[in-house]
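**Q** So that we are looking at the same thing, I have put the structure below in C-alpha coordinates.
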Amino acid sequence: MFCILIDDDAIFNYIHEKTIRTLCPECIVKSFLSSRQALEFVVQNAIENPNQKAWMFLDINMPEFNGFEFLDKLQNRAPDYMDNNNIFILTSSLNEKDKKKATLYPALKGYLEKPLNREQLAEILNK
(Lines give C-alpha, C1' and ligand atoms only; values in the text may rest on other atoms or scores of the structure.)
Protein backbone atom coordinates (compact mmCIF):
# COMPACT_ATOMS: atom_id res chain seq x y z
CA MET A 1 0.00 0.00 0.00
CA PHE A 2 1.10 3.55 -0.74
CA CYS A 3 0.33 6.45 1.64
CA ILE A 4 0.91 10.14 1.01
CA LEU A 5 1.00 12.66 3.87
CA ILE A 6 0.74 16.33 2.96
CA ASP A 7 1.11 18.67 5.91
CA ASP A 8 3.40 21.63 6.53
CA ASP A 9 3.87 20.46 10.14
CA ALA A 10 6.77 18.00 10.29
CA ILE A 11 5.74 16.75 13.73
CA PHE A 12 2.30 15.72 12.51
CA ASN A 13 3.82 14.03 9.47
CA TYR A 14 6.14 12.12 11.79
CA ILE A 15 3.31 11.08 14.15
CA HIS A 16 1.07 10.03 11.27
CA GLU A 17 3.83 8.08 9.56
CA LYS A 18 4.54 6.19 12.80
CA THR A 19 0.82 5.41 13.18
CA ILE A 20 0.63 4.11 9.62
CA ARG A 21 3.78 2.01 9.99
CA THR A 22 2.47 0.49 13.24
CA LEU A 23 -0.63 -0.87 11.52
CA CYS A 24 0.87 -1.39 8.10
CA PRO A 25 4.63 -2.08 8.29
CA GLU A 26 4.78 -2.92 4.58
CA CYS A 27 3.26 0.43 3.58
CA ILE A 28 5.30 2.87 1.55
CA VAL A 29 4.85 6.30 3.13
CA LYS A 30 5.78 9.52 1.36
CA SER A 31 5.57 12.75 3.41
CA PHE A 32 5.52 16.29 2.08
CA LEU A 33 5.84 19.61 3.89
CA SER A 34 5.17 21.50 0.66
CA SER A 35 1.81 21.30 -1.09
CA ARG A 36 3.51 22.35 -4.34
CA GLN A 37 6.08 19.55 -4.17
CA ALA A 38 3.37 17.07 -3.21
CA LEU A 39 1.26 18.07 -6.20
CA GLU A 40 4.17 17.62 -8.60
CA PHE A 41 4.93 14.21 -7.11
CA VAL A 42 1.30 13.03 -7.21
CA VAL A 43 0.76 14.16 -10.80
CA GLN A 44 4.01 12.54 -11.94
CA ASN A 45 3.19 9.35 -10.02
CA ALA A 46 -0.29 9.26 -11.59
CA ILE A 47 1.32 9.38 -15.03
CA GLU A 48 4.05 6.82 -14.30
CA ASN A 49 1.95 4.43 -12.16
CA PRO A 50 -1.69 4.87 -13.20
CA ASN A 51 -2.81 1.64 -11.51
CA GLN A 52 -1.09 2.27 -8.17
CA LYS A 53 -3.67 2.86 -5.44
CA ALA A 54 -2.87 5.38 -2.75
CA TRP A 55 -4.26 6.70 0.49
CA MET A 56 -3.68 10.45 0.78
CA PHE A 57 -4.03 12.48 3.97
CA LEU A 58 -4.17 16.20 3.18
CA ASP A 59 -4.06 19.15 5.55
CA ILE A 60 -6.16 22.22 4.74
CA ASN A 61 -4.13 25.11 6.15
CA MET A 62 -0.76 25.22 4.42
CA PRO A 63 1.46 27.83 2.77
CA GLU A 64 1.91 27.93 -1.02
CA PHE A 65 -1.65 26.70 -1.52
CA ASN A 66 -4.14 25.19 0.88
CA GLY A 67 -5.70 21.74 0.75
CA PHE A 68 -8.70 22.86 -1.28
CA GLU A 69 -6.48 24.62 -3.80
CA PHE A 70 -4.40 21.44 -3.93
CA LEU A 71 -7.52 19.40 -4.76
CA ASP A 72 -8.55 21.89 -7.45
CA LYS A 73 -5.11 21.75 -9.06
CA LEU A 74 -5.03 17.95 -8.82
CA GLN A 75 -8.47 17.74 -10.44
CA ASN A 76 -7.25 19.89 -13.33
CA ARG A 77 -3.98 18.03 -13.85
CA ALA A 78 -4.88 14.41 -13.00
CA PRO A 79 -8.68 14.07 -12.80
CA ASP A 80 -8.69 10.27 -12.73
CA TYR A 81 -6.38 10.26 -9.72
CA MET A 82 -9.02 11.78 -7.47
CA ASP A 83 -11.64 9.23 -8.46
CA ASN A 84 -9.36 6.20 -8.25
CA ASN A 85 -7.64 6.83 -4.90
CA ASN A 86 -8.58 7.35 -1.26
CA ILE A 87 -8.18 11.01 -0.36
CA PHE A 88 -8.93 12.29 3.13
CA ILE A 89 -8.75 15.73 4.64
CA LEU A 90 -6.68 15.42 7.84
CA THR A 91 -6.69 18.74 9.65
CA SER A 92 -6.82 20.53 12.95
CA SER A 93 -9.46 22.88 11.53
CA LEU A 94 -12.75 22.73 13.41
CA ASN A 95 -14.17 25.44 11.15
CA GLU A 96 -17.64 24.47 9.93
CA LYS A 97 -16.98 26.34 6.66
CA ASP A 98 -14.05 23.98 5.97
CA LYS A 99 -16.19 20.92 6.71
CA LYS A 100 -18.94 22.21 4.45
CA LYS A 101 -16.48 23.08 1.68
CA ALA A 102 -15.05 19.55 1.86
CA THR A 103 -18.48 18.19 0.92
CA LEU A 104 -18.11 19.96 -2.44
CA TYR A 105 -15.40 17.44 -3.37
CA PRO A 106 -17.21 14.15 -4.02
CA ALA A 107 -13.91 12.30 -4.41
CA LEU A 108 -12.99 12.92 -0.77
CA LYS A 109 -13.45 9.82 1.36
CA GLY A 110 -13.57 11.67 4.67
CA TYR A 111 -12.81 14.65 6.86
CA LEU A 112 -10.63 13.68 9.83
CA GLU A 113 -9.31 15.71 12.73
CA LYS A 114 -5.65 15.53 13.73
CA PRO A 115 -4.03 13.48 14.97
CA LEU A 116 -4.88 10.37 12.99
CA ASN A 117 -5.36 7.59 15.51
CA ARG A 118 -4.97 3.84 15.19
CA GLU A 119 -8.73 3.16 15.29
CA GLN A 120 -9.45 5.61 12.46
CA LEU A 121 -6.60 4.26 10.39
CA ALA A 122 -7.61 0.63 10.94
CA GLU A 123 -11.12 1.45 9.76
CA ILE A 124 -9.79 3.25 6.69
CA LEU A 125 -7.41 0.46 5.76
CA ASN A 126 -10.04 -2.25 6.18
CA LYS A 127 -12.47 -0.66 3.71
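Just remember, in the C-alpha coordinates the first chain shown is A, the second B, etc., residues are 1-based per chain, and ligands are 1-based in the order shown.
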Got a sec to tell me which of chain A DSSP assigns to strand (DSSP E), as a list in words?
**A**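 Strand (DSSP E) assignments inside chain A correspond to Phe2, Cys3, Ile4, Leu5, Ile6, Ile28, Val29, Lys30, Ser31, Phe32, Ala54, Trp55, Met56, Phe57, Leu58, Asn86, Ile87, Phe88, Ile89, Leu90, Thr91, Leu108, Lys109, Gly110, Tyr111, Leu112 and Glu113 of chain A.
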**Q** Do a neighbour search on Ala10 in chain A at 10 Å with only C-alpha atoms, toss out local chain neighbours closer than 4 positions, and write the hits as a count of residues only.
**A** 7
**Q** Work out how far CA of Leu108 in chain A is from CA of Leu58 in chain A, in Å to one decimal.
**A**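 Calculated distance between CA of Leu58 in chain A and CA of Leu108 in chain A is 10.2 Å.
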**Q** Give me, as an MDAnalysis selection string, the residues of chain A that a backbone DSSP run labels alpha helix (DSSP H).
**A** chainID A and resid 10:23 35:48 67:77 79:84 96:102 118:125
**Q** Nearest to Val43 in chain A among A:Lys109, A:Leu74, A:Ile87, A:Ser92, with distances taken over only C-alpha atoms: which residue is it?
**A**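 The closest residue to Val43 in chain A is A:Leu74.
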**Q** Compare A:Lys99, A:Leu23, A:Asp9, A:Asn84 by their minimum atom-to-atom distance to Gln120 in chain A, counting only C-alpha atoms, and give me the closest one.
**A**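 Counting only C-alpha atoms, the residue closest to Gln120 in chain A is A:Leu23.
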**Q** Would you compute the distance between CA of Glu123 in chain A and CA of Tyr105 in chain A? Give it in Å to one decimal.
**A**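 Distance reported for this atom pair: 21.1 Å.
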**Q** Which residues, written as an NGL selection string, have at least one atom at most 7 Å from range 61-73 of chain A, with only C-alpha atoms counted and residues fewer than 3 positions away on the same chain left out?
**A** :A and (7-8 or 35-36 or 39 or 58 or 76-77)
**Q** Find the distance between CA of Ile11 in chain A and CA of Thr103 in chain A and write it in Å to one decimal.
**A**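 That distance, rounded to one decimal, is 27.4 Å.
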**Q** What lies within 9 Å of Tyr81 in chain A using only C-alpha atoms, ignoring chain neighbours under 5 positions off, as a PyMOL selection string?
**A** chain A and resi 42-43+46+50+53+74-75
**Q** Skip Arg21 in chain A itself and residues of its chain fewer than 3 positions away, then list as number ranges by chain all residues within 12 Å of it, counting only C-alpha atoms.
**A** A: 1-3, 14-18, 24-30, 118, 121-122
**Q** Which residue is closest to Phe57 in chain A? Choose from A:Asn126, A:Asn45, A:Asn13, A:Asn95 and count only C-alpha atoms.
**A**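 Of A:Asn126, A:Asn45, A:Asn13, A:Asn95, the one nearest Phe57 in chain A is A:Asn13, counting only C-alpha atoms.
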